[in-house]
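Shown next: target38.cif, containing mmCIF, C-alpha atoms.
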```cif
data_target
#
loop_
_atom_site.label_atom_id
_atom_site.label_comp_id
_atom_site.auth_asym_id
_atom_site.auth_seq_id
_atom_site.Cartn_x
_atom_site.Cartn_y
_atom_site.Cartn_z
CA MET A 1 -7.98 16.04 -3.99
CA GLY A 2 -10.64 13.87 -2.35
CA ASP A 3 -9.86 10.57 -0.78
CA PRO A 4 -13.15 8.94 0.24
CA MET A 5 -12.69 5.60 1.93
CA PHE A 6 -14.69 2.52 1.12
CA PRO A 7 -17.01 1.43 3.98
CA THR A 8 -15.02 -0.67 6.41
CA THR A 9 -17.78 -3.15 7.24
CA LEU A 10 -20.18 -4.79 4.84
CA ARG A 11 -23.43 -5.92 6.39
CA ALA A 12 -24.09 -8.63 3.83
CA THR A 13 -23.93 -12.14 5.24
CA VAL A 14 -20.90 -13.29 3.34
CA PHE A 15 -17.56 -14.84 4.02
CA ALA A 16 -14.58 -14.58 1.71
CA LEU A 17 -13.62 -17.47 -0.51
CA ILE A 18 -10.23 -16.05 -1.19
CA GLY A 19 -8.02 -17.87 -3.61
CA LEU A 20 -4.94 -17.07 -1.60
CA ALA A 21 -5.47 -20.12 0.60
CA ALA A 22 -6.50 -22.38 -2.24
CA THR A 23 -4.38 -25.42 -2.95
CA THR A 24 -2.25 -25.39 -6.07
CA LEU A 25 -2.38 -27.79 -8.99
CA GLN A 26 -1.02 -31.21 -8.13
CA ALA A 27 1.41 -33.22 -10.20
CA ASP A 28 -1.47 -35.10 -11.85
CA ASP A 29 -2.95 -31.76 -13.03
CA LYS A 30 -6.05 -32.02 -10.89
CA PRO A 31 -7.92 -28.69 -10.73
CA ALA A 32 -7.14 -26.47 -7.77
CA VAL A 33 -9.88 -26.35 -5.16
CA TYR A 34 -10.91 -23.90 -2.45
CA PRO A 35 -10.55 -24.66 1.26
CA ALA A 36 -13.42 -26.66 2.71
CA CYS A 37 -16.01 -24.91 4.85
CA PRO A 38 -15.58 -25.34 8.62
CA GLU A 39 -16.81 -28.69 9.89
CA GLN A 40 -18.56 -26.92 12.75
CA PRO A 41 -21.69 -25.19 11.37
CA VAL A 42 -21.91 -21.44 11.96
CA GLN A 43 -24.64 -20.63 14.45
CA VAL A 44 -27.02 -17.86 13.40
CA GLY A 45 -26.23 -14.82 15.49
CA LYS A 46 -22.66 -16.03 16.13
CA GLU A 47 -21.18 -15.16 12.73
CA ASP A 48 -18.27 -13.05 14.09
CA TYR A 49 -18.28 -10.66 11.12
CA GLN A 50 -14.97 -8.94 10.40
CA PRO A 51 -14.21 -5.78 8.39
CA SER A 52 -14.30 -6.58 4.70
CA SER A 53 -10.76 -5.21 4.32
CA LEU A 54 -9.49 -8.22 6.26
CA ALA A 55 -10.15 -10.31 3.16
CA LEU A 56 -7.06 -8.74 1.58
CA HIS A 57 -4.74 -10.75 3.83
CA ASP A 58 -2.10 -12.90 2.13
CA LEU A 59 -2.98 -11.54 -1.32
CA THR A 60 -0.23 -12.51 -3.77
CA GLU A 61 -1.74 -11.64 -7.17
CA VAL A 62 -4.20 -9.19 -8.67
CA TYR A 63 -5.49 -8.06 -12.05
CA ILE A 64 -5.62 -4.29 -12.62
CA ASN A 65 -7.20 -2.83 -15.76
CA ILE A 66 -4.25 -0.50 -16.21
CA ASP A 67 -4.28 -1.07 -20.00
CA ASP A 68 -7.86 0.27 -20.10
CA VAL A 69 -6.85 3.36 -18.15
CA ILE A 70 -3.99 4.02 -20.57
CA SER A 71 -6.11 3.44 -23.68
CA SER A 72 -8.95 5.65 -22.37
CA ALA A 73 -6.58 8.61 -22.17
CA LYS A 74 -5.39 8.42 -25.77
CA PRO A 75 -8.57 9.67 -27.56
CA LYS A 76 -8.55 12.66 -25.24
CA ASN A 77 -4.86 13.43 -25.91
CA VAL A 78 -4.09 13.05 -22.22
CA LYS A 79 -0.42 12.18 -21.85
CA LEU A 80 0.15 9.76 -19.00
CA GLN A 81 3.51 8.80 -17.50
CA LYS A 82 5.29 6.78 -20.20
CA ASP A 83 6.22 3.90 -17.92
CA LEU A 84 3.00 3.94 -15.87
CA LYS A 85 2.28 0.23 -16.27
CA GLU A 86 5.89 -0.70 -15.50
CA ALA A 87 5.77 1.52 -12.39
CA VAL A 88 2.61 -0.28 -11.22
CA ILE A 89 4.22 -3.69 -11.78
CA LYS A 90 7.34 -2.60 -9.88
CA ARG A 91 5.35 -1.36 -6.90
CA LEU A 92 3.33 -4.57 -6.71
CA LYS A 93 6.40 -6.78 -7.11
CA THR A 94 8.20 -4.97 -4.32
CA ALA A 95 5.25 -5.81 -2.05
CA GLY A 96 5.23 -9.46 -3.16
CA ILE A 97 2.17 -9.14 -5.42
CA GLN A 98 2.06 -10.26 -9.06
CA LEU A 99 0.12 -8.32 -11.70
CA LEU A 100 -2.11 -10.79 -13.55
CA SER A 101 -3.11 -10.68 -17.20
CA LYS A 102 -6.78 -11.03 -18.17
CA GLU A 103 -6.14 -14.62 -19.15
CA ALA A 104 -4.35 -15.44 -15.90
CA LEU A 105 -7.16 -13.79 -13.91
CA GLU A 106 -9.65 -16.42 -15.06
CA LYS A 107 -7.48 -19.18 -13.57
CA ALA A 108 -6.59 -17.30 -10.38
CA ALA A 109 -8.43 -18.46 -7.27
CA GLY A 110 -11.06 -15.92 -6.29
CA GLN A 111 -10.34 -13.81 -9.41
CA PRO A 112 -8.91 -10.82 -7.45
CA GLU A 113 -9.60 -7.81 -9.65
CA MET A 114 -8.98 -4.08 -9.29
CA SER A 115 -11.02 -1.90 -11.63
CA MET A 116 -10.13 1.74 -12.20
CA PHE A 117 -12.69 4.11 -13.73
CA PRO A 118 -11.21 7.48 -14.75
CA SER A 119 -13.38 10.43 -15.72
CA PHE A 120 -11.97 13.20 -17.88
CA PRO A 121 -12.89 16.88 -18.31
CA LYS A 122 -15.64 17.27 -20.89
CA HIS A 123 -13.72 19.78 -22.98
CA LEU A 124 -11.24 17.04 -23.95
CA GLY A 125 -13.84 15.22 -26.01
CA PRO A 126 -13.75 13.26 -28.20
CA PHE A 127 -16.56 14.88 -30.16
CA LYS A 128 -18.67 13.33 -32.89
CA ALA A 129 -18.97 14.94 -36.31
CA GLY A 130 -21.23 17.99 -36.08
CA GLU A 131 -21.27 17.89 -32.28
CA PRO A 132 -20.56 21.29 -30.69
CA ARG A 133 -17.26 21.50 -28.83
CA ILE A 134 -17.07 22.41 -25.17
CA GLU A 135 -14.69 25.23 -24.36
CA TYR A 136 -12.18 24.84 -21.55
CA ASN A 137 -13.23 26.67 -18.42
CA ALA A 138 -10.69 26.59 -15.61
CA GLN A 139 -13.38 27.63 -13.13
CA CYS A 140 -15.60 24.69 -14.00
CA CYS A 141 -13.39 21.70 -14.75
CA THR A 142 -13.15 18.38 -12.93
CA ALA A 143 -11.35 15.07 -13.38
CA GLY A 144 -11.53 12.00 -11.21
CA ILE A 145 -10.97 8.29 -10.81
CA TRP A 146 -12.78 5.64 -8.79
CA THR A 147 -11.19 2.29 -7.98
CA SER A 148 -12.83 -0.85 -6.62
CA PHE A 149 -11.36 -4.22 -5.71
CA THR A 150 -13.48 -7.37 -5.92
CA GLN A 151 -12.88 -11.05 -5.29
CA GLY A 152 -14.84 -14.29 -4.99
CA ALA A 153 -17.21 -14.80 -2.05
CA ALA A 154 -20.16 -16.95 -1.01
CA THR A 155 -23.39 -16.27 0.89
CA LEU A 156 -23.80 -17.77 4.35
CA ARG A 157 -27.47 -18.54 3.73
CA ASP A 158 -26.55 -20.42 0.57
CA PRO A 159 -22.82 -21.33 0.35
CA ALA A 160 -23.35 -22.73 -3.13
CA LEU A 161 -24.15 -19.21 -4.34
CA HIS A 162 -20.90 -17.55 -5.42
CA HIS A 163 -20.47 -13.92 -6.35
CA LYS A 164 -17.87 -11.15 -6.62
CA LEU A 165 -17.64 -9.00 -3.50
CA GLY A 166 -16.13 -5.54 -3.24
CA THR A 167 -13.70 -5.52 -0.29
CA TRP A 168 -11.71 -2.33 -0.92
CA GLY A 169 -11.95 0.89 -2.89
CA GLU A 170 -11.15 4.59 -2.98
CA GLY A 171 -11.73 7.63 -5.14
CA HIS A 172 -9.89 10.83 -6.06
CA ASN A 173 -10.87 13.99 -7.90
CA THR A 174 -9.38 17.35 -8.79
CA THR A 175 -10.56 20.70 -10.08
CA ASP A 176 -7.10 21.56 -11.43
CA CYS A 177 -7.15 20.56 -15.10
CA SER A 178 -3.86 22.20 -16.05
CA ASP A 179 -2.14 18.81 -16.47
CA VAL A 180 -4.64 15.97 -16.25
CA GLY A 181 -2.11 13.37 -17.44
CA LYS A 182 0.35 14.16 -14.66
CA TRP A 183 -2.38 14.21 -12.03
CA LEU A 184 -3.94 10.95 -13.21
CA SER A 185 -0.57 9.16 -13.37
CA GLU A 186 0.26 10.23 -9.82
CA VAL A 187 -3.17 9.20 -8.52
CA VAL A 188 -3.00 5.77 -10.17
CA LEU A 189 0.32 5.09 -8.41
CA LYS A 190 -1.02 6.50 -5.13
CA THR A 191 -4.01 4.19 -5.39
CA VAL A 192 -1.73 1.19 -5.89
CA ASP A 193 0.36 2.29 -2.89
CA ASP A 194 -2.78 2.69 -0.76
CA PHE A 195 -3.96 -0.77 -1.80
CA ILE A 196 -0.60 -2.25 -0.78
CA VAL A 197 -0.85 -0.52 2.59
CA ALA A 198 -4.40 -1.88 3.07
CA LYS A 199 -3.16 -5.39 2.22
CA GLN A 200 -0.25 -5.11 4.66
CA LYS A 201 -2.56 -3.88 7.42
CA ALA A 202 -4.92 -6.78 6.67
CA ASP A 203 -2.02 -9.23 7.13
CA VAL A 204 -1.35 -7.81 10.58
CA ASP A 205 -5.01 -7.59 11.59
CA TYR A 206 -5.69 -11.12 10.39
CA GLN A 207 -2.92 -12.54 12.55
CA ALA A 208 -4.28 -10.59 15.52
CA TRP A 209 -7.76 -11.97 14.85
CA GLN A 210 -6.39 -15.52 14.60
CA LYS A 211 -4.56 -15.06 17.89
CA LYS A 212 -7.71 -13.72 19.54
CA GLN A 213 -9.57 -16.81 18.35
CA GLY A 214 -6.89 -19.01 19.88
CA LYS A 215 -5.96 -20.38 16.49
CA PRO A 216 -2.39 -21.19 15.40
CA GLU A 217 -0.66 -18.58 13.27
CA ALA A 218 -1.76 -18.92 9.67
CA LYS A 219 0.84 -20.12 7.24
CA THR A 220 1.32 -17.56 4.53
CA ALA A 221 2.77 -18.16 1.09
CA GLU A 222 5.93 -16.40 2.20
CA LYS A 223 6.34 -18.65 5.25
CA THR A 224 5.59 -21.92 3.50
CA ALA A 225 7.75 -21.33 0.44
CA ALA A 226 10.89 -23.44 0.28
CA LYS A 227 12.98 -20.41 -0.62
CA PRO A 228 10.99 -17.28 0.16
CA GLU A 229 11.79 -14.25 -1.90
CA PRO A 230 12.79 -11.43 0.45
CA THR A 231 10.76 -8.26 0.12
CA ALA A 232 10.84 -4.87 1.74
CA GLU A 233 7.22 -5.15 2.84
CA ALA A 234 6.20 -2.70 5.52
CA LYS A 235 4.87 -4.23 8.72
CA PRO A 236 4.51 -3.19 12.32
CA ALA A 237 6.92 -4.70 14.79
CA GLU A 238 6.95 -5.05 18.54
CA SER A 239 10.69 -4.61 18.83
CA ALA A 240 13.53 -3.20 16.79
CA PRO A 241 17.31 -3.37 17.06
CA GLU A 242 18.82 -0.73 19.26
CA ALA A 243 21.35 1.62 17.72
CA THR A 244 24.89 1.05 18.95
CA ALA A 245 25.43 4.82 19.28
CA LYS A 246 23.32 7.93 19.58
CA PRO A 247 21.51 8.51 16.26
CA VAL A 248 22.60 11.40 14.07
CA GLU A 249 19.74 13.86 13.85
CA ILE A 250 19.20 15.14 10.32
CA ARG A 251 17.24 18.34 9.82
CA ASP A 252 19.14 19.76 6.86
CA PRO A 253 21.14 18.33 3.89
CA VAL A 254 24.40 19.48 5.48
CA ASP A 255 23.76 17.05 8.35
CA THR A 256 24.11 14.11 5.95
CA GLN A 257 27.87 14.72 5.72
CA LYS A 258 28.18 12.90 9.04
CA LEU A 259 26.85 9.62 7.69
CA GLU A 260 28.86 6.40 7.89
CA CYS A 261 27.79 2.85 7.10
CA ASP A 262 27.03 2.13 10.75
CA THR A 263 25.34 5.46 11.47
CA ALA A 264 21.86 5.39 12.95
CA ILE A 265 19.78 8.20 11.48
CA LEU A 266 16.93 10.17 13.01
CA LEU A 267 15.14 12.23 10.37
CA TYR A 268 13.51 15.37 11.74
CA ALA A 269 13.44 17.16 8.42
CA GLU A 270 9.68 17.13 7.79
CA ILE A 271 10.19 14.69 4.94
CA PHE A 272 6.39 14.47 4.84
CA PRO A 273 3.99 17.41 5.22
CA THR A 274 1.53 17.11 8.09
CA ALA A 275 -1.02 14.28 7.57
CA SER A 276 0.54 13.45 4.17
CA ALA A 277 2.35 10.41 2.80
CA THR A 278 3.82 12.32 -0.15
CA ILE A 279 7.52 13.04 0.17
CA SER A 280 8.17 16.77 0.19
CA ARG A 281 10.06 17.84 -2.93
CA ALA A 282 11.88 20.48 -0.92
CA LYS A 283 13.19 17.83 1.49
CA SER A 284 13.60 14.86 -0.87
CA GLY A 285 17.29 15.72 -1.33
CA ILE A 286 17.91 14.58 2.25
CA LEU A 287 16.39 11.20 1.51
CA GLY A 288 18.51 11.09 -1.65
CA LYS A 289 21.65 11.43 0.50
CA VAL A 290 20.41 8.58 2.68
CA ALA A 291 19.93 6.44 -0.45
CA ASP A 292 23.47 7.28 -1.59
CA ASN A 293 24.81 6.23 1.82
CA MET A 294 23.00 2.89 1.63
CA LYS A 295 24.32 2.21 -1.86
CA ALA A 296 27.84 2.96 -0.64
CA CYS A 297 27.43 0.38 2.13
CA PRO A 298 26.23 -2.83 0.39
CA GLN A 299 27.61 -4.95 3.23
CA TYR A 300 25.02 -3.47 5.62
CA ARG A 301 21.28 -3.94 5.96
CA TYR A 302 19.06 -1.22 7.39
CA ARG A 303 15.74 -1.00 9.17
CA VAL A 304 13.57 1.96 8.27
CA GLU A 305 10.90 2.94 10.81
CA THR A 306 8.13 5.50 10.42
CA HIS A 307 6.52 7.08 13.48
CA SER A 308 3.66 9.53 13.81
CA ASP A 309 2.53 11.85 16.58
CA GLN A 310 -0.60 11.17 18.63
CA ARG A 311 -3.00 13.74 17.18
CA ASP A 312 -5.28 11.21 15.50
CA SER A 313 -6.76 7.78 16.19
CA ASP A 314 -4.53 4.72 16.52
CA GLU A 315 -5.87 3.27 13.27
CA ALA A 316 -5.45 6.51 11.32
CA ASN A 317 -1.89 6.88 12.55
CA ASP A 318 -1.09 3.26 11.65
CA VAL A 319 -2.39 3.80 8.11
CA LEU A 320 -0.52 7.09 7.72
CA SER A 321 2.68 5.55 9.09
CA ALA A 322 2.35 2.57 6.74
CA ARG A 323 1.75 4.83 3.73
CA ARG A 324 4.87 6.79 4.59
CA ALA A 325 6.87 3.56 4.88
CA VAL A 326 5.70 2.55 1.40
CA ALA A 327 6.60 5.99 0.02
CA ILE A 328 10.11 5.75 1.47
CA ARG A 329 10.54 2.24 0.09
CA ASN A 330 9.50 3.36 -3.38
CA TYR A 331 11.86 6.34 -3.22
CA LEU A 332 14.85 4.25 -2.13
CA VAL A 333 14.25 1.58 -4.78
CA GLU A 334 13.72 4.18 -7.51
CA HIS A 335 17.03 5.78 -6.49
CA GLY A 336 18.99 2.56 -6.89
CA VAL A 337 18.91 0.97 -3.42
CA ASN A 338 18.54 -2.82 -3.56
CA GLU A 339 15.21 -3.66 -1.93
CA GLU A 340 16.88 -6.59 -0.15
CA GLN A 341 19.16 -4.16 1.69
CA PHE A 342 16.45 -2.79 3.98
CA ASP A 343 13.20 -3.67 5.64
CA LEU A 344 10.40 -1.45 6.88
CA ARG A 345 8.48 -1.07 10.11
CA PHE A 346 5.61 1.32 10.84
CA TYR A 347 4.78 2.09 14.44
CA GLY A 348 2.16 4.81 14.22
CA GLU A 349 2.03 6.50 17.62
CA ARG A 350 2.97 3.38 19.62
CA LYS A 351 6.60 4.33 20.37
CA PRO A 352 6.69 8.03 21.35
CA LEU A 353 10.00 9.61 22.29
CA VAL A 354 8.33 12.36 24.29
CA GLU A 355 5.07 12.19 26.24
CA GLY A 356 2.64 15.09 26.16
CA ASP A 357 0.25 16.97 23.90
CA THR A 358 2.43 19.91 22.93
CA GLU A 359 3.91 21.10 19.64
CA GLU A 360 7.35 20.10 20.92
CA ALA A 361 6.24 16.57 21.79
CA TRP A 362 4.46 16.11 18.47
CA ALA A 363 7.51 17.31 16.56
CA ALA A 364 9.78 14.90 18.45
CA ASN A 365 7.52 11.93 17.88
CA ARG A 366 6.89 12.60 14.17
CA ARG A 367 10.05 11.02 12.78
CA VAL A 368 11.75 8.49 10.52
CA MET A 369 14.39 6.26 12.11
CA ILE A 370 16.98 4.36 10.07
CA THR A 371 19.00 1.81 12.02
CA PRO A 372 21.99 -0.18 10.67
CA LEU A 373 21.67 -3.91 11.25
CA LYS A 374 24.48 -6.42 11.38
CA PRO A 375 26.59 -6.50 8.20
CA LYS A 376 25.36 -9.02 5.65
#
```

So, in terms of structure tokens, how does the structure I just supplied come out?
Amino acid sequence: MGDPMFPTTLRATVFALIGLAATTLQADDKPAVYPACPEQPVQVGKEDYQPSSLALHDLTEVYINIDDVISSAKPKNVKLQKDLKEAVIKRLKTAGIQLLSKEALEKAAGQPEMSMFPSFPKHLGPFKAGEPRIEYNAQCCTAGIWTSFTQGAATLRDPALHHKLGTWGEGHNTTDCSDVGKWLSEVVLKTVDDFIVAKQKADVDYQAWQKKQGKPEAKTAEKTAAKPEPTAEAKPAESAPEATAKPVEIRDPVDTQKLECDTAILLYAEIFPTASATISRAKSGILGKVADNMKACPQYRYRVETHSDQRDSDEANDVLSARRAVAIRNYLVEHGVNEEQFDLRFYGERKPLVEGDTEEAWAANRRVMITPLKPK
């Protein structure tokens, strides 16, 4: 399965007019407006361009053409996951993002829109009357999907000129056409998960950029809300609570028999294959036992940390660690754990347990840590 990444930096002279910072409708129903341009003019040659992915920061709503994806599969008799749309909504909601309707998109600041374009094997048709049918050939069969995310932007040379700018995207393809519906359903959900990870990384990178500029920390919707809705959003952290006792190392399902409500857990069970954010089916039972333990301890909250070894770049390890955090969150929620009962942290390679470039060191540092917090 391919996973080409969208270019990280766009050379076009644009700056994002993201609706996330736009003011809301006032009591007198005045139209919402975008933030004003900086009073200090931008000097040519001093634009301080940032990666386009940074424009995802503070995103709280998005339109996804998931209905089009579902309807495009029907004429080809491709059976997608029955609750695919509901699963997408659930994933977005858990990350604090609302799925917009087409009508709501038109009124959303910046019109944040994710477009998915699936391509199906030719032998699935549909075929017009009299048109020769294409026989299935397992040796020559491909399916794929490309996704792009666009939102409102303006041109520096002419700020009055508004347009839609692509700030994120990815593609997937397969040559295994044995079950296109299953593959496409899984890839749609993976794409949504990857988008959430990119948004969460943008939140962190944006704050770092603001700090570098000497600007006060930006107020996000979550921070300014009167009663913020708690989410289990993954984010890196500089510190974490220390376990009150030595963590229980879990490498096999039998190790989960030692779990208590206040047990700190160190997962060394290869929950994820190397360089993957997909939970191993062979090891998922261990995570299921962890979920059962959490549900049996509703008076406790837990912090779930994902760590990687140091065999790749810092950025790649951060992304992989964040994707794994999202996968664990989805698994726990799908297995009945209240999302308010835990939060997530991804550390990448920043907190190694063992120094060194050996198989032993890598194995020790590639881990998932679950720490009990104070009872609720």

Skip Lys351 of chain A itself and residues of its chain fewer than 3 positions away, then list as a VMD selection string all residues within 9 Å of it, counting all atoms listed in the file. chain A and resid 307 to 308 347 to 348 365

Rank nothing, just name the residue among A:Leu156, A:Ile89, A:Cys140, A:Val69 nearest to Pro41 of chain A, using all atoms listed in the file. A:Leu156

Of the candidates A:Asp309, A:Arg329, A:Met369, A:Val248, which shows the shortest atom-to-atom distance to Pro352 of chain A, using only C-alpha atoms? A:Asp309

Segment 262-279 of chain A environment, 7 Å, all atoms listed in the file, sequence neighbours closer than 2 positions dropped, as number ranges by chain: A: 243, 247-252, 259-260, 281, 283-284, 320, 323-324, 327, 367-372

Write out as a PyMOL selection string which residues come within 12 Å of Gln200 of chain A when counting only C-alpha atoms, dropping same-chain ones fewer than 2 positions away. chain A and resi 53-60+92+95-97+193-198+202-207+232-236+318-319+321-323+325-326+344-346

Just to be explicit: take each residue in the selection above, keep C-alpha atoms, and write the result as an mmCIF file, keeping the file's coordinate frame.
```cif
data_model
loop_
_atom_site.group_PDB
_atom_site.id
_atom_site.type_symbol
_atom_site.label_atom_id
_atom_site.label_comp_id
_atom_site.auth_asym_id
_atom_site.auth_seq_id
_atom_site.Cartn_x
_atom_site.Cartn_y
_atom_site.Cartn_z
ATOM 1 C CA SER A 53 -10.760 -5.210 4.320
ATOM 2 C CA LEU A 54 -9.490 -8.220 6.260
ATOM 3 C CA ALA A 55 -10.150 -10.310 3.160
ATOM 4 C CA LEU A 56 -7.060 -8.740 1.580
ATOM 5 C CA HIS A 57 -4.740 -10.750 3.830
ATOM 6 C CA ASP A 58 -2.100 -12.900 2.130
ATOM 7 C CA LEU A 59 -2.980 -11.540 -1.320
ATOM 8 C CA THR A 60 -0.230 -12.510 -3.770
ATOM 9 C CA LEU A 92 3.330 -4.570 -6.710
ATOM 10 C CA ALA A 95 5.250 -5.810 -2.050
ATOM 11 C CA GLY A 96 5.230 -9.460 -3.160
ATOM 12 C CA ILE A 97 2.170 -9.140 -5.420
ATOM 13 C CA ASP A 193 0.360 2.290 -2.890
ATOM 14 C CA ASP A 194 -2.780 2.690 -0.760
ATOM 15 C CA PHE A 195 -3.960 -0.770 -1.800
ATOM 16 C CA ILE A 196 -0.600 -2.250 -0.780
ATOM 17 C CA VAL A 197 -0.850 -0.520 2.590
ATOM 18 C CA ALA A 198 -4.400 -1.880 3.070
ATOM 19 C CA ALA A 202 -4.920 -6.780 6.670
ATOM 20 C CA ASP A 203 -2.020 -9.230 7.130
ATOM 21 C CA VAL A 204 -1.350 -7.810 10.580
ATOM 22 C CA ASP A 205 -5.010 -7.590 11.590
ATOM 23 C CA TYR A 206 -5.690 -11.120 10.390
ATOM 24 C CA GLN A 207 -2.920 -12.540 12.550
ATOM 25 C CA ALA A 232 10.840 -4.870 1.740
ATOM 26 C CA GLU A 233 7.220 -5.150 2.840
ATOM 27 C CA ALA A 234 6.200 -2.700 5.520
ATOM 28 C CA LYS A 235 4.870 -4.230 8.720
ATOM 29 C CA PRO A 236 4.510 -3.190 12.320
ATOM 30 C CA ASP A 318 -1.090 3.260 11.650
ATOM 31 C CA VAL A 319 -2.390 3.800 8.110
ATOM 32 C CA SER A 321 2.680 5.550 9.090
ATOM 33 C CA ALA A 322 2.350 2.570 6.740
ATOM 34 C CA ARG A 323 1.750 4.830 3.730
ATOM 35 C CA ALA A 325 6.870 3.560 4.880
ATOM 36 C CA VAL A 326 5.700 2.550 1.400
ATOM 37 C CA LEU A 344 10.400 -1.450 6.880
ATOM 38 C CA ARG A 345 8.480 -1.070 10.110
ATOM 39 C CA PHE A 346 5.610 1.320 10.840
#
```
